[in-house]
>>> print(open('query05.txt').read())   # compact mmCIF, C-alpha atoms and all ligand atoms
# COMPACT_ATOMS: atom_id res chain seq x y z
CA MET A 1 0.00 0.00 0.00
CA VAL A 2 1.30 3.47 -0.86
CA ASP A 3 0.49 6.18 1.69
CA SER A 4 -0.60 9.67 0.74
CA PRO A 5 1.75 12.51 1.63
CA PHE A 6 0.43 14.72 4.41
CA THR A 7 1.10 18.17 5.76
CA PHE A 8 0.56 19.73 9.13
CA THR A 9 1.52 23.01 10.68
CA LEU A 10 3.51 23.93 13.73
CA SER A 11 2.88 27.53 14.58
CA MET A 12 5.74 29.29 16.35
CA SER A 13 3.19 30.99 18.60
CA GLU A 14 1.00 27.97 19.43
CA ILE A 15 3.61 25.18 19.79
CA ILE A 16 1.02 22.38 19.75
CA PRO A 17 1.03 20.94 16.22
CA SER A 18 -2.18 20.92 14.18
CA ARG A 19 -1.94 17.14 13.89
CA VAL A 20 -1.58 15.10 17.08
CA ASP A 21 -2.18 11.34 17.29
CA ASN A 22 -0.86 10.81 20.80
CA HIS A 23 -0.23 13.06 23.81
CA ILE A 24 2.14 11.82 26.52
CA GLU A 25 2.41 13.47 29.94
CA ARG A 26 5.29 12.63 32.25
CA ARG A 27 5.18 13.63 35.89
CA LEU A 28 7.66 13.86 38.72
CA SER A 29 6.87 10.31 39.85
CA ASP A 30 7.88 8.99 36.40
CA LEU A 31 11.44 10.18 37.11
CA GLN A 32 11.81 8.42 40.45
CA GLY A 33 15.52 7.86 41.17
CA GLN A 34 16.74 10.11 38.33
CA PHE A 35 17.34 13.40 40.15
CA ASN A 36 20.47 13.83 42.21
CA ASP A 37 18.77 15.27 45.31
CA GLN A 38 16.46 12.47 46.46
CA ALA A 39 15.36 14.38 49.59
CA ALA A 40 14.25 17.36 47.47
CA PHE A 41 12.50 14.94 45.10
CA ASP A 42 10.59 13.22 47.95
CA LYS A 43 9.59 16.57 49.44
CA MET A 44 8.26 17.87 46.11
CA LEU A 45 6.40 14.64 45.40
CA SER A 46 4.73 14.70 48.81
CA THR A 47 3.18 18.06 47.87
CA GLU A 48 2.26 17.44 44.22
CA ASP A 49 3.07 15.06 41.37
CA GLN A 50 4.00 17.91 39.06
CA LEU A 51 3.85 17.69 35.27
CA LEU A 52 7.48 17.88 34.04
CA TYR A 53 7.11 17.38 30.31
CA GLU A 54 4.74 16.51 27.49
CA VAL A 55 5.14 14.97 24.06
CA TYR A 56 2.78 15.44 21.11
CA GLU A 57 3.34 12.61 18.65
CA VAL A 58 2.34 12.09 15.05
CA LYS A 59 1.92 8.32 14.81
CA ARG A 60 3.29 6.22 11.96
CA PRO A 61 3.81 2.47 11.65
CA GLU A 62 6.88 1.60 13.73
CA ILE A 63 8.72 -0.08 10.89
CA GLU A 64 11.92 0.56 8.97
CA GLY A 65 11.45 3.22 6.29
CA GLU A 66 8.93 5.24 8.31
CA MET A 67 9.77 8.26 10.50
CA LEU A 68 8.21 9.31 13.82
CA LEU A 69 7.85 12.99 14.55
CA GLY A 70 6.40 15.35 17.08
CA VAL A 71 6.96 18.04 19.65
CA SER A 72 8.51 17.73 23.09
CA ILE A 73 7.74 20.34 25.75
CA VAL A 74 9.78 20.40 28.96
CA HIS A 75 8.33 22.76 31.56
CA PRO A 76 10.50 25.07 33.66
CA GLY A 77 11.37 24.10 37.22
CA LYS A 78 13.93 22.36 39.40
CA VAL A 79 14.27 19.45 41.80
CA GLY A 80 16.75 20.80 44.32
CA ASN A 81 19.22 22.61 42.07
CA GLU A 82 18.70 20.31 39.09
CA PHE A 83 16.54 21.50 36.20
CA PHE A 84 13.46 19.61 34.99
CA MET A 85 14.38 17.09 32.32
CA THR A 86 13.10 14.15 30.31
CA LYS A 87 13.73 10.54 31.37
CA GLY A 88 16.19 10.15 28.51
CA HIS A 89 16.90 6.99 26.58
CA PHE A 90 19.01 5.05 24.15
CA HIS A 91 17.16 3.89 21.06
CA SER A 92 16.60 0.12 21.23
CA VAL A 93 18.00 -0.05 17.72
CA LEU A 94 21.19 1.66 18.80
CA GLU A 95 22.28 2.48 15.25
CA THR A 96 19.49 5.02 14.73
CA SER A 97 19.80 8.80 14.90
CA GLU A 98 17.44 11.67 15.70
CA ILE A 99 17.07 15.32 14.70
CA TYR A 100 15.81 18.03 17.07
CA TYR A 101 14.81 21.56 16.13
CA CYS A 102 14.49 24.00 19.02
CA ILE A 103 11.44 26.21 18.68
CA ARG A 104 11.21 27.98 22.01
CA GLY A 105 12.94 28.35 25.37
CA GLU A 106 16.45 27.45 26.37
CA GLY A 107 18.04 24.27 27.56
CA TYR A 108 20.47 21.48 26.85
CA MET A 109 20.51 18.07 25.27
CA VAL A 110 22.62 15.80 27.46
CA MET A 111 24.04 12.91 25.45
CA GLU A 112 26.36 9.95 25.88
CA THR A 113 27.38 6.74 24.15
CA PRO A 114 27.64 3.27 25.70
CA GLU A 115 31.42 3.66 25.34
CA GLY A 116 31.38 6.67 27.70
CA GLU A 117 31.73 9.64 25.35
CA THR A 118 29.65 12.60 26.53
CA SER A 119 28.30 15.72 24.82
CA VAL A 120 26.01 18.49 26.04
CA ALA A 121 24.47 20.75 23.37
CA LEU A 122 22.91 24.14 24.09
CA LEU A 123 19.42 24.47 22.64
CA THR A 124 18.07 27.88 21.73
CA PRO A 125 15.31 28.80 19.26
CA GLY A 126 16.38 28.08 15.68
CA LYS A 127 19.07 25.56 16.66
CA ILE A 128 19.03 22.18 14.95
CA LEU A 129 20.70 19.28 16.75
CA TYR A 130 21.73 16.07 15.03
CA VAL A 131 21.96 13.20 17.52
CA PRO A 132 24.00 10.52 15.75
CA PRO A 133 23.38 6.77 16.15
CA ARG A 134 24.41 5.29 19.54
CA TRP A 135 23.94 8.50 21.58
CA ALA A 136 21.47 8.41 24.50
CA HIS A 137 19.68 11.76 24.83
CA ARG A 138 17.85 13.76 27.51
CA SER A 139 16.37 17.29 27.15
CA VAL A 140 16.79 19.70 30.05
CA CYS A 141 14.86 22.99 30.34
CA THR A 142 16.96 25.80 31.81
CA SER A 143 14.53 28.62 31.00
CA ARG A 144 13.18 30.13 34.19
CA LEU A 145 9.67 30.88 32.95
CA GLU A 146 9.41 29.45 29.45
CA ASP A 147 9.00 25.87 28.25
CA LEU A 148 11.78 24.23 26.25
CA VAL A 149 10.02 23.26 23.03
CA THR A 150 11.65 21.04 20.39
CA PHE A 151 10.44 19.36 17.22
CA PHE A 152 11.92 15.88 16.74
CA ILE A 153 12.12 13.31 13.99
CA TYR A 154 13.64 9.82 14.09
CA PRO A 155 13.36 6.41 12.41
CA ALA A 156 10.09 4.72 13.33
CA ASN A 157 11.73 1.37 14.08
CA ALA A 158 14.16 2.91 16.64
CA GLY A 159 12.26 1.94 19.82
CA HIS A 160 13.21 3.18 23.30
CA ASP A 161 15.56 1.68 25.85
CA TYR A 162 14.72 3.54 29.08
CA GLY A 163 16.02 0.80 31.38
CA THR A 164 19.74 1.47 30.90
CA ILE A 165 19.43 5.13 31.91
CA GLU A 166 17.05 4.26 34.79
CA GLN A 167 19.72 1.95 36.17
CA ILE A 168 22.93 3.89 35.60
CA GLY A 169 21.84 7.51 34.98
CA PHE A 170 23.63 9.96 32.69
CA ARG A 171 27.27 10.86 33.31
CA LYS A 172 26.49 14.60 33.21
CA LEU A 173 23.87 16.69 35.04
CA VAL A 174 22.62 20.23 34.42
CA VAL A 175 22.29 22.19 37.66
CA ASP A 176 21.60 25.78 38.62
CA GLY A 177 24.97 27.18 39.73
CA VAL A 178 25.93 30.58 41.12
CA ASN A 179 26.37 31.96 37.58
CA GLY A 180 23.44 30.12 35.99
CA PRO A 181 23.20 26.64 34.44
CA GLU A 182 26.27 24.44 34.96
CA ILE A 183 27.18 21.05 33.56
CA ILE A 184 28.64 18.82 36.26
CA ASP A 185 29.68 15.18 36.65
CA ASN A 186 26.88 13.04 38.07
CA PRO A 187 28.07 12.08 41.57
CA ARG A 188 25.62 9.16 41.62
CA TYR A 189 26.63 7.75 38.21
CA LYS A 190 26.78 3.96 38.52
C1 LIG B 201 11.99 9.92 20.95
C2 LIG B 201 12.46 11.32 21.12
C3 LIG B 201 11.52 12.25 21.90
C4 LIG B 201 11.43 11.89 23.38
C5 LIG B 201 10.80 12.99 24.20
C6 LIG B 201 10.58 12.59 25.65
O1 LIG B 201 12.98 9.09 20.44
O2 LIG B 201 13.76 11.35 21.65
O3 LIG B 201 10.26 12.18 21.37
O4 LIG B 201 10.68 10.72 23.53
O5 LIG B 201 11.61 14.11 24.17
O6 LIG B 201 11.73 12.03 26.23
P1 LIG B 201 11.73 10.57 26.83
O7 LIG B 201 13.15 10.31 27.19
O8 LIG B 201 10.81 10.53 27.99
O9 LIG B 201 11.25 9.64 25.74
ZN ZN B 202 15.06 9.44 21.00
>>> encode(input="query05.txt", output="structure tokens", more="lines below")
Ligand code: S6P
Ligand code: ZN
Amino acid sequence: MVDSPFTFTLSMSEIIPSRVDNHIERRLSDLQGQFNDQAAFDKMLSTEDQLLYEVYEVKRPEIEGEMLLGVSIVHPGKVGNEFFMTKGHFHSVLETSEIYYCIRGEGYMVMETPEGETSVALLTPGKILYVPPRWAHRSVCTSRLEDLVTFFIYPANAGHDYGTIEQIGFRKLVVDGVNGPEIIDNPRYK
């Protein structure tokens, strides 16, 4: 079967795309064990299970040859001195890449390979980031008031390996330092 081409719009002022097949919401409790300051995490969670980020997906068959695309929105905030972030993942098919286009806000993409290389890319509106195959990736919002909004596209057969990051964490963290956002070594990296 041959599919018909389709268009949709992503207004710079609205940020929610005109076509959405799936809306994911991830809350504080979904990131249990991922933030450095567990006491701050527990305290926050006892008050409210805050919404940290959302993903608006355009669904396609998850097979080789197709692409998945959508918008990721990380809200501003911190757990202790660590900025709100996504869970982060490797792709299950490790040899698959991803492209991000930053639409709004400011933040970082924290990345690393299984071999231990690390890279942290600044995201500002208009910036395009190419995440090559093998690099785990996590978005971090460092804007104080604004969301970090990115458009993403990646091979539909990539899949997500969340387990590795849940167990070992990322090697680098983004924290709020005396002079603003700082990239530091993760003291709890396993
Ligand atoms: C999927 C792509 C994004 C993330 C989204 C949320 O490969 O990288 O759509 O899913 O930014 O992050 P996470 O780590 O919770 O999937
Ligand atoms: Zn990904």
>>> closest_residue(input="query05.txt", among="A:Arg60, A:Arg104, A:His23, A:Arg134", to="Glu146 in chain A", atoms="only C-alpha atoms")
A:Arg104
>>> atom_distance(input="query05.txt", atom1="CA of Leu68 in chain A", atom2="CA of Gln50 in chain A")
27.0 Å
>>> residues_near_point(input="query05.txt", point="(13.7, 22.6, 33.6)", cutoff="12 Å", atoms="all atoms listed in the file", output="number ranges by chain")
A: 28, 35, 51-53, 73-86, 105-109, 138-149, 173-176, 181
>>> residues_around(input="query05.txt", residues="Gly116 in chain A", least_positions_apart="3", cutoff="12 Å", atoms="all atoms listed in the file", output="list of chain:residue names")
A:Met111, A:Glu112, A:Thr113, A:Ser119, A:Arg134, A:Trp135, A:Ala136, A:Ile168, A:Phe170, A:Arg171, A:Lys172, A:Tyr189
>>> closest_residue(input="query05.txt", among="A:Glu64, A:Glu98, A:Glu57, A:Asp42", to="ligand ZN 202 (chain B)", atoms="all atoms listed in the file")
A:Glu98
>>> residues_near_ligand(input="query05.txt", ligand="ligand LIG 201 (chain B)", cutoff="9 Å", atoms="all atoms listed in the file", output="JSON, numbers by chain")
{"A": [24, 26, 53, 54, 55, 56, 57, 68, 69, 70, 71, 72, 73, 74, 85, 86, 87, 88, 89, 90, 91, 97, 98, 99, 100, 136, 137, 138, 139, 150, 151, 152, 153, 154, 155, 156, 158, 159, 160, 162]}
>>> write_last_selection(input="query05.txt", atoms="C-alpha atoms", output="PDB file, in the coordinates of the input")
ATOM      1  CA  ILE A  24       2.140  11.820  26.520  1.00  0.00           C
ATOM      2  CA  ARG A  26       5.290  12.630  32.250  1.00  0.00           C
ATOM      3  CA  TYR A  53       7.110  17.380  30.310  1.00  0.00           C
ATOM      4  CA  GLU A  54       4.740  16.510  27.490  1.00  0.00           C
ATOM      5  CA  VAL A  55       5.140  14.970  24.060  1.00  0.00           C
ATOM      6  CA  TYR A  56       2.780  15.440  21.110  1.00  0.00           C
ATOM      7  CA  GLU A  57       3.340  12.610  18.650  1.00  0.00           C
ATOM      8  CA  LEU A  68       8.210   9.310  13.820  1.00  0.00           C
ATOM      9  CA  LEU A  69       7.850  12.990  14.550  1.00  0.00           C
ATOM     10  CA  GLY A  70       6.400  15.350  17.080  1.00  0.00           C
ATOM     11  CA  VAL A  71       6.960  18.040  19.650  1.00  0.00           C
ATOM     12  CA  SER A  72       8.510  17.730  23.090  1.00  0.00           C
ATOM     13  CA  ILE A  73       7.740  20.340  25.750  1.00  0.00           C
ATOM     14  CA  VAL A  74       9.780  20.400  28.960  1.00  0.00           C
ATOM     15  CA  MET A  85      14.380  17.090  32.320  1.00  0.00           C
ATOM     16  CA  THR A  86      13.100  14.150  30.310  1.00  0.00           C
ATOM     17  CA  LYS A  87      13.730  10.540  31.370  1.00  0.00           C
ATOM     18  CA  GLY A  88      16.190  10.150  28.510  1.00  0.00           C
ATOM     19  CA  HIS A  89      16.900   6.990  26.580  1.00  0.00           C
ATOM     20  CA  PHE A  90      19.010   5.050  24.150  1.00  0.00           C
ATOM     21  CA  HIS A  91      17.160   3.890  21.060  1.00  0.00           C
ATOM     22  CA  SER A  97      19.800   8.800  14.900  1.00  0.00           C
ATOM     23  CA  GLU A  98      17.440  11.670  15.700  1.00  0.00           C
ATOM     24  CA  ILE A  99      17.070  15.320  14.700  1.00  0.00           C
ATOM     25  CA  TYR A 100      15.810  18.030  17.070  1.00  0.00           C
ATOM     26  CA  ALA A 136      21.470   8.410  24.500  1.00  0.00           C
ATOM     27  CA  HIS A 137      19.680  11.760  24.830  1.00  0.00           C
ATOM     28  CA  ARG A 138      17.850  13.760  27.510  1.00  0.00           C
ATOM     29  CA  SER A 139      16.370  17.290  27.150  1.00  0.00           C
ATOM     30  CA  THR A 150      11.650  21.040  20.390  1.00  0.00           C
ATOM     31  CA  PHE A 151      10.440  19.360  17.220  1.00  0.00           C
ATOM     32  CA  PHE A 152      11.920  15.880  16.740  1.00  0.00           C
ATOM     33  CA  ILE A 153      12.120  13.310  13.990  1.00  0.00           C
ATOM     34  CA  TYR A 154      13.640   9.820  14.090  1.00  0.00           C
ATOM     35  CA  PRO A 155      13.360   6.410  12.410  1.00  0.00           C
ATOM     36  CA  ALA A 156      10.090   4.720  13.330  1.00  0.00           C
ATOM     37  CA  ALA A 158      14.160   2.910  16.640  1.00  0.00           C
ATOM     38  CA  GLY A 159      12.260   1.940  19.820  1.00  0.00           C
ATOM     39  CA  HIS A 160      13.210   3.180  23.300  1.00  0.00           C
ATOM     40  CA  TYR A 162      14.720   3.540  29.080  1.00  0.00           C
TER      41      TYR A 162
END
>>> atom_distance(input="query05.txt", atom1="CA of Ala121 in chain A", atom2="CA of Gln34 in chain A")
19.9 Å
>>> closest_residue(input="query05.txt", among="A:Glu117, A:Gly65, A:Asp49, A:Val110", to="Glu25 in chain A", atoms="all atoms listed in the file")
A:Asp49
>>> residues_around(input="query05.txt", residues="Lys127 in chain A", least_positions_apart="3", cutoff="8 Å", atoms="all atoms listed in the file", output="ChimeraX atom specification")
/A:101-103,123-124
>>> closest_residue(input="query05.txt", among="A:Val120, A:Leu31, A:Ala40, A:Leu94", to="Pro133 in chain A", atoms="only C-alpha atoms")
A:Leu94
>>> atom_distance(input="query05.txt", atom1="CA of Gly169 in chain A", atom2="CA of Gln32 in chain A")
11.5 Å
>>> closest_residue(input="query05.txt", among="A:Lys190, A:Lys59, A:Arg19, A:Ser11", to="Glu166 in chain A", atoms="all atoms listed in the file")
A:Lys190
>>> closest_residue(input="query05.txt", among="A:Ile184, A:Met67, A:Val178, A:Ile15", to="ligand ZN 202 (chain B)", atoms="only C-alpha atoms and all ligand atoms")
A:Met67
>>> axis_aligned_box(input="query05.txt", around="range 108-113 of chain A", padding_each_side="4 Å", output="JSON")
{"center_x": 23.9, "center_y": 14.1, "center_z": 25.8, "size_x": 14.9, "size_y": 22.7, "size_z": 11.3}
